[in-house]
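J.: Sending over a structure as structure tokens; questions will come in a sec.
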Protein chains: 4
Amino acid sequence: MNNASKTIRDPIHGDIKLEGLFLELIEAPEIQRLYDIKQLGFAHLVFPGAHHTRLEHSLGVYYMASKAADQLNLYKDEKEIITCAAFLHDIGHGPFSHTLEHILRDSLNADHIDLTEKLIFGEHSIFSKEEKEFIDSPSVFEILNKHNIDKKEISNIIRGGTDKKKYLGQLLTSPVDVDQIDYLIRDSYYTGVAYGMIDVDRFLQTLTINNNQLAVSKKGVGVLENILMARNLMYSSVYFHKTVRIAELMLAKAIEKIERSNPFDFFKMTDAEIINDLKSRERFQYEIATRLKFRKLFKQAFTKSKSTFDKNSNEILKKLENLKFRREKEREFEEELNIPSGHLIIDVPSYELLKAEPRIKQTDFPIVDQDKIKKLNDFTPVAEAIKLRDIPDWVLMIVTDEKYKEIVSKNAENILFG
Amino acid sequence: MNNASKTIRDPIHGDIKLEGLFLELIEAPEIQRLYDIKQLGFAHLVFPGAHHTRLEHSLGVYYMASKAADQLNLYKDEKEIITCAAFLHDIGHGPFSHTLEHILRDSLNADHIDLTEKLIFGEHSIFSKEEKEFIDSPSVFEILNKHNIDKKEISNIIRGGTDKKKYLGQLLTSPVDVDQIDYLIRDSYYTGVAYGMIDVDRFLQTLTINNNQLAVSKKGVGVLENILMARNLMYSSVYFHKTVRIAELMLAKAIEKIERSNPFDFFKMTDAEIINDLKSRERFQYEIATRLKFRKLFKQAFTKSKSTFDKNSNEILKKLENLKFRREKEREFEEELNIPSGHLIIDVPSYELLKAEPRIKQTDFPIVDQDKIKKLNDFTPVAEAIKLRDIPDWVLMIVTDEKYKEIVSKNAENILFG
Amino acid sequence: MNNASKTIRDPIHGDIKLEGLFLELIEAPEIQRLYDIKQLGFAHLVFPGAHHTRLEHSLGVYYMASKAADQLNLYKDEKEIITCAAFLHDIGHGPFSHTLEHILRDSLNADHIDLTEKLIFGEHSIFSKEEKEFIDSPSVFEILNKHNIDKKEISNIIRGGTDKKKYLGQLLTSPVDVDQIDYLIRDSYYTGVAYGMIDVDRFLQTLTINNNQLAVSKKGVGVLENILMARNLMYSSVYFHKTVRIAELMLAKAIEKIERSNPFDFFKMTDAEIINDLKSRERFQYEIATRLKFRKLFKQAFTKSKSTFDKNSNEILKKLENLKFRREKEREFEEELNIPSGHLIIDVPSYELLKAEPRIKQTDFPIVDQDKIKKLNDFTPVAEAIKLRDIPDWVLMIVTDEKYKEIVSKNAENILFG
Amino acid sequence: MNNASKTIRDPIHGDIKLEGLFLELIEAPEIQRLYDIKQLGFAHLVFPGAHHTRLEHSLGVYYMASKAADQLNLYKDEKEIITCAAFLHDIGHGPFSHTLEHILRDSLNADHIDLTEKLIFGEHSIFSKEEKEFIDSPSVFEILNKHNIDKKEISNIIRGGTDKKKYLGQLLTSPVDVDQIDYLIRDSYYTGVAYGMIDVDRFLQTLTINNNQLAVSKKGVGVLENILMARNLMYSSVYFHKTVRIAELMLAKAIEKIERSNPFDFFKMTDAEIINDLKSRERFQYEIATRLKFRKLFKQAFTKSKSTFDKNSNEILKKLENLKFRREKEREFEEELNIPSGHLIIDVPSYELLKAEPRIKQTDFPIVDQDKIKKLNDFTPVAEAIKLRDIPDWVLMIVTDEKYKEIVSKNAENILFG
């Protein structure tokens, strides 16, 4: 069994070979569950090809970490730990990936990385107890123990690394890393939106370690600009596509309205299980689940872009970033305009975007030029400009059922700022 | 609203533009449901990229039919009817596409085309009655009526056409057609298996109508060989991959064991709904659903390839093609070897393959050479050879839970043929 | 003959169909000659796949102009004139495309567009008189006359258009146009450098005409940024790759040193003919031709980047932009360091870059937002930043034979600025 | 210098890294000359993208040999020798690759492999003596000596190997090998004809050595069928495209008619040099060179396909395979129909096809199935059928100047068989 290996065909990277530890990890229930977590939540409602899952992405990040490790001539144990962290970095993702994460954050002050960590340390089980009876595959925690993998180190790397070997954490989590490169290329491939097509070979080839830090040589300046631009364009055209966003807001609203003891209960579900769970709840949850199934989405009734804000509205905008205040305002709308509960949602995306992907505002990266470390900004004005670019193009949006669209549209300014 | 149009990005064909009738059809619940029917059933368990759905395929076939109509200079009304049939041809597919079709066939002597027809004629509703309350989008039947589309003609074309305009039916269903070309390319793209990459432009360019029949010019001989070979290779390496097959057999077994009044009840479910339904049933169904979720599949305990059959075993093989006899044999195994009910499955794939895709054994196509109609076989020996090629490489297989693998392996020959 | 058509397979755009006028133009000697003019001069010395020619590019621009015309619903005669201009826009290119253009400019104050115009108006013949005897294909001039095409209009469009129908000229020549899009995609494909992969469908789809001007809708902002970034990255990594540049400088030097009456004599040559011509000249020309054949290039002995210039050196840099002054300096180097004539070249690329591709510093484009015309810069800070990005990364370079590299390196600062 | 490496971007395989020996070989004049030898002769006259050269192909075969060596766990010295042979296997190709090879064969009983061998052993120089003065890069022979590479072994492998290590020769030359796989994919990419798109990963992954021979495992059956089919389709649609063939026949005729002492004189030329050489010869050679430049090709006046031959014509066909007899017949046509010398060519392609690519009729390959060696034909009827497929679709063709087309067409049967 020691010599066994398995090859998995990936449309992005070609054949990905798994051996030893990774042959066991691929069978772990935490990994297998990722087959049922769509990488891009509801993006398939706009880009019908986007049904790809966290499983493929995890394989892809594993593969890229392995290539980067070879390029950097990492030691065997360094390569093992970084590829292992890469493979496991997303096992804590809840249904529909980032869609529901703010609920976790607001109720428990936790995010998917915290869940990932708990799974790695065996503090949680991915199974319901009924499922457990039929599945005897060892968990990630058990496999890591069996192979004497340093779980603390894995967890550190997933969080961006510790001082000792900064480059390991940076490979997986920094302004430009293999996680982002894999998802940009992969999301491009499955959506058919070409922006994310990145010159991976060039990135890997210019990658280097300097003074315990990950960096690229001067030849890599162009590819970094390329990656930053690709990321930004994918955010504005795919990840924060308005229709996709509306579906996400609807799901989140339906979940929020459920009284529940433990948010982990729904976080370990799959996409399909949470939709099914909704159908067994109250009428509102049933409605949302059915609407999502048949793509009968809420419509945008009001949007406000950045340039239209004055001092007063800006202050209110700040308050609206607070979830509680936002929910109160929604109730105000519902009462004044006679809209059934849950059928109007206020969206203030900027705060959530930053929480979901803090790397979007990180556009610098170390450049090695004649053995000196410089910054990307020393070489190009483009990186800084990308940081200033707006995503998405609305700052405030209200969505509601089609039949309330007109009345909301008329009264929004007044109720919000009046 | 008449001038409205919508563009959908498809990774295969690029931008697909929808107008008029098709703008309404894309919102129909029968079409929207296809978002939740995977094109290749359980293929993603082996090819992790293969999560694409019947919705994308339906759009793709619509697009290709439209390109072919332009190439053939069809009249406007012909183009409307063929593209409409192309768009709707798969709406009757049950969960996991072909996986459960034999159940329909065995219990009702019906297949997904019959269901498609019933939906077109409004004899069925895709909704449960609870869902209906929340979705007011018109059904396919209502939309076709509104636009005065000849539903009988649509249905005829989906079934392969009538004598009057043979070429219309042949565009969609014949040894080589736009349905197959779209799925070959699309399945190649999402699985990453290159075999299905076909020269579509060349096919379209050589397409012609001769004497009321679809044909290609002599220049198209190579592309036809290419398509036939691609189809055959995709069948043996993807569609009939052993592991994919095992997952399908498990699901079918779990469904079969449910007592139920109307098979349409589960046929209108989505992939996720049927898995969820299983979890609410008996212990056996719960087990299968859980195993499929965590990819804890039955293992192959016994296979027999063509060359090893003698007269006696051949006769028994013939009998095993009958579902009832096969199920009896399974019970015999279970009783003799003390295996819990449902945990052993006998597979005789050839018969089902032919039912699911009769076109696999059709390898001829009309060729126009200097205004005379000839046959593909007049130009190349390859087409005939492809027909004789075996798919899959087993003729008989027994799968079971890993713990019974050895005992089944030892006793199979004896119980089957002894 | 009127119904005839011909389909040409292009790896970028697929099948390109030619009919009528274009069937005749493709046979014209001015077009056929483009088979022998490499699109990227000497880029194949660094990117071995880059052997593609102006002929394919001309077909591609024709094809894209035709798609854009359909998208914009142009009138039939507008479509004819813009596709015709697109097809012909590069017929005046000399050997190795832009490589030798500065010679034309310096000696005749003309460029390849002037030559294109002369060919369109029949003021020049592409043949030598010996060739003429064997080729009776009509010239572009004759074909345009036969079809009553307005040659003045063609020439205007190639120059960027006139006031009457600005959008026609802008389609072909403006900050973002089909000429650039085709070459970016095509050069990406043949070099294997991914930067130029642009979302063409999205560009075409958002294209519109507003107030007689070409513009894109707000949805096209991202794709414009994508194109501008792609262009800039292709310039710095491919078109102004240092090694490619050195080969170009060597060829230009060899040509310059020839006494000749009429620069058009060598401008109508093909790549191969000019290399061959060099072999029949003096020893220096023979040497350069042989070195280029076996890639025995001059080496970079000295470079100076922007940040290292002070007031004095900056003044000298300004003077060095003048070709005559540069050549004098070269002679000074040769004499002082005992280098044979022609074996040292000073490169000040910025001026030439701007002459060869003035569009590189044009990064704005009209955006239609709710029927108002705005500027790209109103929507994104990236376009402006791209304009400020440096290409190439040297401001001043000296190249010479390997054996003089060291001595030049030591004395360069002194001879130049001392 | 020992640690130096260089990375070359290939559109097919991505980054190709060269180190040590190979860094020197890439600078050798024999390799550099391949930049000027088009891979597909005149195919660009029909497929405008097909300007790729033997240099890129040589790099590609080197790369694939290196990947195969890793997959097969070859020893370091085995890997060095096979990758070196792969890199050098085409250095003896004359201008326009296979186009002129029959002349070499007929006059000297030699082919491009003999020339390759002579270059490896230093028995020939690729330079003219004037060129030598300016280029001091070491030759292949000198580099191999310096690195103590066994030149005899290199030459053996290029010829298909010796008994000792059969698999090394088979990697490069057997019914399916890395040379063919690279050219099929590469030619597909540059022509845009999709047939040659092969699943390289699958091929490499199933590759194995069994009993000193190269073989694939049973899982590789499909990919072998895929490769054989691809090869056959590329031959009929690209390599033996009628128009490409006519251009080749014209060039060959022009060369044949030159009196010359040593065929090596023109074999070491580049594509451009031989065309230029023709222009300096007699009027006929000048004409052909000019016609090729402007694509003013001879036209097909007569063709005969296989099924139309009877016993008598078949006997004459056999005789026509002999070059001398064919040339006599051509003279007969010229005299009887008053056609100027050289303006009519009889083509009997089958014999030449087999000489140029003997592998086209080799469709078997060893398959390892449960440790036993079987043949591909044991698993599929397709391979044998492919062998029987006709390429090209004419058996006999006469081409001539357009103005003699009609008269030749009328009299051909009579003059040939009458």
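Each chain in the structure tokens gets a letter, A, B, ..., in the order shown, and its residues are numbered from 1; ligands are numbered from 1 in order too.
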So that I can check the secondary structure, give me every residue of region 18-149 of chain C assigned helix (DSSP H, G or I) by backbone DSSP, as a short mmCIF file (atom, residue, chain, number, x, y, z; two decimals) with N, CA, C and O atoms, in the first residue's frame.

T.:
```
data_model
loop_
_atom_site.label_atom_id
_atom_site.label_comp_id
_atom_site.auth_asym_id
_atom_site.auth_seq_id
_atom_site.Cartn_x
_atom_site.Cartn_y
_atom_site.Cartn_z
N LEU C 21 -15.66 40.44 -53.39
CA LEU C 21 -14.49 41.30 -53.36
C LEU C 21 -13.30 40.69 -52.61
O LEU C 21 -12.15 40.76 -53.06
N PHE C 22 -13.60 40.06 -51.48
CA PHE C 22 -12.51 39.58 -50.62
C PHE C 22 -11.84 38.33 -51.18
O PHE C 22 -10.67 38.08 -50.94
N LEU C 23 -12.61 37.57 -51.96
CA LEU C 23 -12.02 36.43 -52.67
C LEU C 23 -10.97 36.91 -53.68
O LEU C 23 -9.98 36.22 -53.92
N GLU C 24 -11.20 38.07 -54.23
CA GLU C 24 -10.22 38.61 -55.18
C GLU C 24 -9.04 39.24 -54.45
O GLU C 24 -7.89 39.07 -54.83
N LEU C 25 -9.36 39.96 -53.38
CA LEU C 25 -8.28 40.63 -52.64
C LEU C 25 -7.29 39.62 -52.06
O LEU C 25 -6.08 39.87 -52.04
N PRO C 29 -1.36 40.38 -55.16
CA PRO C 29 0.05 40.20 -54.79
C PRO C 29 0.42 40.97 -53.51
O PRO C 29 1.25 40.51 -52.74
N GLU C 30 -0.20 42.13 -53.27
CA GLU C 30 0.11 42.90 -52.07
C GLU C 30 -0.28 42.11 -50.81
O GLU C 30 0.38 42.23 -49.78
N ILE C 31 -1.37 41.38 -50.89
CA ILE C 31 -1.80 40.57 -49.75
C ILE C 31 -0.93 39.31 -49.65
O ILE C 31 -0.45 38.95 -48.56
N GLN C 32 -0.70 38.63 -50.75
CA GLN C 32 0.09 37.40 -50.73
C GLN C 32 1.49 37.64 -50.18
O GLN C 32 2.05 36.80 -49.50
N ARG C 33 2.04 38.80 -50.47
CA ARG C 33 3.38 39.13 -49.95
C ARG C 33 3.41 39.11 -48.43
O ARG C 33 4.44 38.81 -47.81
N LEU C 34 2.28 39.38 -47.79
CA LEU C 34 2.26 39.44 -46.33
C LEU C 34 2.53 38.08 -45.67
O LEU C 34 2.84 38.00 -44.49
N TYR C 35 2.38 36.98 -46.46
CA TYR C 35 2.79 35.66 -45.98
C TYR C 35 4.26 35.64 -45.55
O TYR C 35 4.70 34.77 -44.83
N ASP C 36 5.01 36.57 -46.08
CA ASP C 36 6.45 36.56 -45.87
C ASP C 36 6.95 37.71 -45.01
O ASP C 36 8.13 38.01 -44.97
N ALA C 43 10.92 38.42 -32.91
CA ALA C 43 10.48 37.88 -31.62
C ALA C 43 10.69 36.37 -31.52
O ALA C 43 10.87 35.84 -30.42
N HIS C 44 10.70 35.69 -32.67
CA HIS C 44 10.89 34.22 -32.61
C HIS C 44 12.26 33.85 -32.04
O HIS C 44 12.46 32.73 -31.60
N LEU C 45 13.21 34.77 -32.05
CA LEU C 45 14.52 34.45 -31.46
C LEU C 45 14.40 34.25 -29.95
O LEU C 45 15.24 33.62 -29.32
N ARG C 54 1.87 38.90 -41.08
CA ARG C 54 0.89 39.96 -41.31
C ARG C 54 -0.33 39.43 -42.07
O ARG C 54 -1.40 40.02 -41.98
N LEU C 55 -0.17 38.35 -42.83
CA LEU C 55 -1.31 37.84 -43.57
C LEU C 55 -2.40 37.35 -42.61
O LEU C 55 -3.58 37.70 -42.74
N GLU C 56 -1.99 36.53 -41.64
CA GLU C 56 -2.99 36.02 -40.70
C GLU C 56 -3.62 37.16 -39.91
O GLU C 56 -4.81 37.15 -39.63
N HIS C 57 -2.79 38.09 -39.50
CA HIS C 57 -3.30 39.23 -38.75
C HIS C 57 -4.31 40.02 -39.59
O HIS C 57 -5.36 40.43 -39.11
N SER C 58 -4.01 40.21 -40.87
CA SER C 58 -4.93 40.96 -41.73
C SER C 58 -6.27 40.25 -41.85
O SER C 58 -7.33 40.87 -41.80
N LEU C 59 -6.21 38.93 -41.99
CA LEU C 59 -7.45 38.16 -42.01
C LEU C 59 -8.21 38.32 -40.69
O LEU C 59 -9.43 38.44 -40.67
N GLY C 60 -7.47 38.30 -39.60
CA GLY C 60 -8.10 38.40 -38.28
C GLY C 60 -8.76 39.75 -38.06
O GLY C 60 -9.87 39.82 -37.52
N VAL C 61 -8.10 40.82 -38.49
CA VAL C 61 -8.67 42.16 -38.32
C VAL C 61 -9.91 42.29 -39.22
O VAL C 61 -10.93 42.86 -38.81
N TYR C 62 -9.81 41.74 -40.42
CA TYR C 62 -10.99 41.70 -41.30
C TYR C 62 -12.16 41.02 -40.60
O TYR C 62 -13.28 41.53 -40.58
N TYR C 63 -11.88 39.87 -39.99
CA TYR C 63 -12.92 39.09 -39.33
C TYR C 63 -13.52 39.86 -38.15
O TYR C 63 -14.74 39.93 -37.99
N MET C 64 -12.67 40.48 -37.34
CA MET C 64 -13.18 41.19 -36.18
C MET C 64 -13.96 42.43 -36.60
O MET C 64 -14.97 42.78 -35.98
N ALA C 65 -13.51 43.10 -37.65
CA ALA C 65 -14.24 44.27 -38.14
C ALA C 65 -15.63 43.84 -38.60
O ALA C 65 -16.63 44.54 -38.38
N SER C 66 -15.69 42.68 -39.21
CA SER C 66 -16.95 42.17 -39.70
C SER C 66 -17.91 41.83 -38.53
O SER C 66 -19.10 42.16 -38.57
N LYS C 67 -17.38 41.22 -37.48
CA LYS C 67 -18.19 40.94 -36.29
C LYS C 67 -18.66 42.25 -35.63
O LYS C 67 -19.81 42.36 -35.21
N ALA C 68 -17.76 43.21 -35.53
CA ALA C 68 -18.11 44.48 -34.90
C ALA C 68 -19.19 45.18 -35.72
O ALA C 68 -20.13 45.77 -35.18
N ALA C 69 -19.06 45.11 -37.06
CA ALA C 69 -20.06 45.75 -37.93
C ALA C 69 -21.44 45.13 -37.69
O ALA C 69 -22.45 45.83 -37.64
N ASP C 70 -21.48 43.81 -37.53
CA ASP C 70 -22.76 43.15 -37.25
C ASP C 70 -23.31 43.60 -35.90
O ASP C 70 -24.49 43.91 -35.77
N GLN C 71 -22.45 43.65 -34.92
CA GLN C 71 -22.88 44.05 -33.58
C GLN C 71 -23.46 45.47 -33.59
O GLN C 71 -24.44 45.77 -32.91
N LYS C 76 -24.87 47.97 -45.00
CA LYS C 76 -24.08 47.06 -45.83
C LYS C 76 -22.85 47.74 -46.41
O LYS C 76 -21.76 47.18 -46.44
N ASP C 77 -23.02 48.98 -46.90
CA ASP C 77 -21.87 49.65 -47.53
C ASP C 77 -20.84 50.08 -46.48
O ASP C 77 -19.64 50.08 -46.73
N GLU C 78 -21.31 50.42 -45.30
CA GLU C 78 -20.36 50.74 -44.22
C GLU C 78 -19.56 49.48 -43.85
O GLU C 78 -18.35 49.55 -43.63
N LYS C 79 -20.26 48.37 -43.78
CA LYS C 79 -19.57 47.12 -43.44
C LYS C 79 -18.53 46.79 -44.49
O LYS C 79 -17.41 46.38 -44.18
N GLU C 80 -18.89 46.97 -45.77
CA GLU C 80 -17.94 46.66 -46.83
C GLU C 80 -16.69 47.52 -46.71
O GLU C 80 -15.56 47.03 -46.80
N ILE C 81 -16.89 48.79 -46.46
CA ILE C 81 -15.74 49.71 -46.46
C ILE C 81 -14.86 49.47 -45.23
O ILE C 81 -13.62 49.47 -45.32
N ILE C 82 -15.47 49.19 -44.08
CA ILE C 82 -14.64 48.99 -42.89
C ILE C 82 -13.90 47.64 -42.94
O ILE C 82 -12.73 47.54 -42.56
N THR C 83 -14.56 46.59 -43.46
CA THR C 83 -13.87 45.30 -43.54
C THR C 83 -12.76 45.35 -44.58
O THR C 83 -11.72 44.74 -44.42
N CYS C 84 -13.03 46.10 -45.65
CA CYS C 84 -12.02 46.25 -46.70
C CYS C 84 -10.80 47.00 -46.16
O CYS C 84 -9.65 46.59 -46.36
N ALA C 85 -11.04 48.08 -45.44
CA ALA C 85 -9.94 48.83 -44.82
C ALA C 85 -9.17 47.94 -43.84
O ALA C 85 -7.94 47.96 -43.78
N ALA C 86 -9.92 47.16 -43.07
CA ALA C 86 -9.29 46.28 -42.10
C ALA C 86 -8.37 45.27 -42.79
O ALA C 86 -7.23 45.03 -42.35
N PHE C 87 -8.85 44.72 -43.89
CA PHE C 87 -8.07 43.71 -44.60
C PHE C 87 -6.79 44.30 -45.18
O PHE C 87 -5.75 43.65 -45.25
N LEU C 88 -6.87 45.54 -45.61
CA LEU C 88 -5.75 46.16 -46.33
C LEU C 88 -4.83 47.00 -45.44
O LEU C 88 -3.79 47.47 -45.91
N SER C 97 8.15 43.91 -40.33
CA SER C 97 7.13 44.82 -39.77
C SER C 97 7.71 46.13 -39.30
O SER C 97 8.23 46.89 -40.11
N HIS C 98 7.67 46.42 -38.01
CA HIS C 98 8.06 47.75 -37.54
C HIS C 98 9.57 47.97 -37.46
O HIS C 98 10.02 49.09 -37.27
N THR C 99 10.34 46.91 -37.62
CA THR C 99 11.77 46.99 -37.34
C THR C 99 12.49 48.12 -38.06
O THR C 99 13.36 48.79 -37.48
N LEU C 100 12.16 48.31 -39.31
CA LEU C 100 12.94 49.27 -40.11
C LEU C 100 12.21 50.58 -40.35
O LEU C 100 12.67 51.43 -41.10
N GLU C 101 11.08 50.72 -39.69
CA GLU C 101 10.23 51.85 -40.01
C GLU C 101 10.89 53.21 -39.75
O GLU C 101 10.66 54.16 -40.47
N HIS C 102 11.73 53.26 -38.73
CA HIS C 102 12.34 54.55 -38.41
C HIS C 102 13.23 55.05 -39.55
O HIS C 102 13.48 56.23 -39.71
N ILE C 103 13.77 54.12 -40.32
CA ILE C 103 14.62 54.53 -41.46
C ILE C 103 13.77 55.26 -42.48
O ILE C 103 14.15 56.31 -43.00
N LEU C 104 12.63 54.68 -42.77
CA LEU C 104 11.68 55.29 -43.68
C LEU C 104 11.33 56.70 -43.18
O LEU C 104 11.31 57.66 -43.95
N ARG C 105 11.10 56.76 -41.88
CA ARG C 105 10.70 58.03 -41.29
C ARG C 105 11.81 59.06 -41.40
O ARG C 105 11.60 60.21 -41.76
N ASP C 106 13.01 58.61 -41.08
CA ASP C 106 14.12 59.56 -41.04
C ASP C 106 14.53 60.01 -42.43
O ASP C 106 14.89 61.16 -42.62
N SER C 107 14.45 59.12 -43.41
CA SER C 107 14.94 59.52 -44.73
C SER C 107 13.84 60.14 -45.58
O SER C 107 14.09 60.99 -46.40
N LEU C 108 12.63 59.73 -45.40
CA LEU C 108 11.55 60.19 -46.28
C LEU C 108 10.40 60.84 -45.55
O LEU C 108 9.42 61.24 -46.17
N HIS C 112 4.69 53.21 -42.69
CA HIS C 112 4.05 52.13 -43.44
C HIS C 112 2.63 52.51 -43.88
O HIS C 112 2.11 51.95 -44.84
N ILE C 113 2.03 53.44 -43.18
CA ILE C 113 0.68 53.85 -43.60
C ILE C 113 0.74 54.64 -44.90
O ILE C 113 -0.11 54.49 -45.78
N ASP C 114 1.78 55.44 -45.06
CA ASP C 114 1.95 56.14 -46.33
C ASP C 114 2.13 55.16 -47.48
O ASP C 114 1.58 55.33 -48.56
N LEU C 115 2.91 54.12 -47.22
CA LEU C 115 3.11 53.12 -48.27
C LEU C 115 1.81 52.40 -48.58
O LEU C 115 1.48 52.12 -49.74
N THR C 116 1.07 52.04 -47.53
CA THR C 116 -0.23 51.40 -47.73
C THR C 116 -1.09 52.26 -48.65
O THR C 116 -1.71 51.78 -49.60
N GLU C 117 -1.10 53.52 -48.35
CA GLU C 117 -1.91 54.44 -49.15
C GLU C 117 -1.47 54.45 -50.62
O GLU C 117 -2.28 54.39 -51.53
N LYS C 118 -0.16 54.51 -50.82
CA LYS C 118 0.34 54.52 -52.20
C LYS C 118 -0.06 53.24 -52.95
O LYS C 118 -0.38 53.27 -54.13
N LEU C 119 -0.03 52.12 -52.24
CA LEU C 119 -0.42 50.87 -52.90
C LEU C 119 -1.91 50.88 -53.23
O LEU C 119 -2.33 50.44 -54.31
N ILE C 120 -2.71 51.42 -52.33
CA ILE C 120 -4.15 51.48 -52.58
C ILE C 120 -4.46 52.36 -53.78
O ILE C 120 -5.34 52.04 -54.59
N LYS C 129 10.16 44.18 -61.73
CA LYS C 129 9.62 44.01 -63.09
C LYS C 129 9.80 42.59 -63.61
O LYS C 129 9.02 42.11 -64.41
N GLU C 130 10.82 41.87 -63.11
CA GLU C 130 10.99 40.48 -63.52
C GLU C 130 9.83 39.62 -63.01
O GLU C 130 9.36 38.70 -63.69
N GLU C 131 9.42 39.89 -61.79
CA GLU C 131 8.33 39.09 -61.23
C GLU C 131 7.03 39.30 -62.00
O GLU C 131 6.28 38.36 -62.27
N LYS C 132 6.79 40.54 -62.36
CA LYS C 132 5.55 40.93 -63.05
C LYS C 132 5.22 40.01 -64.21
O LYS C 132 4.05 39.69 -64.46
N VAL C 140 -4.29 45.23 -55.78
CA VAL C 140 -5.32 45.79 -54.91
C VAL C 140 -5.99 46.99 -55.58
O VAL C 140 -7.23 47.10 -55.61
N PHE C 141 -5.19 47.84 -56.15
CA PHE C 141 -5.71 49.03 -56.84
C PHE C 141 -6.71 48.64 -57.93
O PHE C 141 -7.81 49.19 -58.03
N GLU C 142 -6.33 47.66 -58.74
CA GLU C 142 -7.22 47.24 -59.83
C GLU C 142 -8.51 46.62 -59.30
O GLU C 142 -9.60 46.84 -59.83
N ILE C 143 -8.39 45.84 -58.25
CA ILE C 143 -9.59 45.19 -57.70
C ILE C 143 -10.54 46.22 -57.11
O ILE C 143 -11.76 46.17 -57.32
N LEU C 144 -9.99 47.16 -56.35
CA LEU C 144 -10.84 48.20 -55.76
C LEU C 144 -11.56 48.99 -56.86
O LEU C 144 -12.75 49.29 -56.76
N ASN C 145 -10.84 49.30 -57.93
CA ASN C 145 -11.48 50.00 -59.05
C ASN C 145 -12.62 49.19 -59.64
O ASN C 145 -13.72 49.69 -59.87
N LYS C 146 -12.33 47.93 -59.91
CA LYS C 146 -13.34 47.06 -60.52
C LYS C 146 -14.62 47.05 -59.70
O LYS C 146 -15.73 47.04 -60.24
#
```

J.: Only residues of chain D matter here; which ones have an atom within 6 Å of chain C, counting only C-alpha atoms? Give them as a VMD selection string.

T.: chain D and resid 10 to 11 29 32 48 51 56 192 272 294

J.: For Tyr235 (chain C), please output as a list in words all residues within 10 Å (counting only C-alpha atoms; exclusion window: fewer than 4 positions along the same chain).

T.: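 Using only C-alpha atoms, the neighbours found are Leu184, Met229, Ala230, Arg231, Tyr239, Phe240, His241, Leu353, Ile360, Asp390, Ile391 and Pro392 of chain C.
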
J.: Which is closer to Arg159 (chain A) than all the others in A:His89, A:Lys219, A:Asp182, A:Lys372, using only C-alpha atoms?

T.: A:His89

J.: Can you pull out every residue from region 154-312 of chain A that DSSP, working from the backbone, puts in strand (DSSP E), and format the result as a ChimeraX atom specification?

T.: /A:207-210,213-217,299-304

J.: Write to file, as a compact mmCIF listing (two decimals), in the first residue's frame, the residues of the selection just made, with C-alpha atoms.

T.:
```txt
# COMPACT_ATOMS: atom_id res chain seq x y z
CA LEU A 207 9.22 32.94 -7.26
CA THR A 208 12.02 33.06 -4.71
CA ILE A 209 12.73 33.26 -0.99
CA ASN A 210 14.59 36.27 0.33
CA GLN A 213 10.08 35.92 2.97
CA LEU A 214 8.41 34.98 -0.26
CA ALA A 215 9.23 37.33 -3.14
CA VAL A 216 9.49 37.39 -6.91
CA SER A 217 12.41 38.51 -9.01
CA LYS A 299 -35.24 42.43 -7.85
CA GLN A 300 -33.08 45.44 -7.30
CA ALA A 301 -35.36 48.34 -6.27
CA PHE A 302 -32.77 50.91 -5.34
CA THR A 303 -29.02 51.44 -5.68
CA LYS A 304 -26.73 54.24 -4.76
```
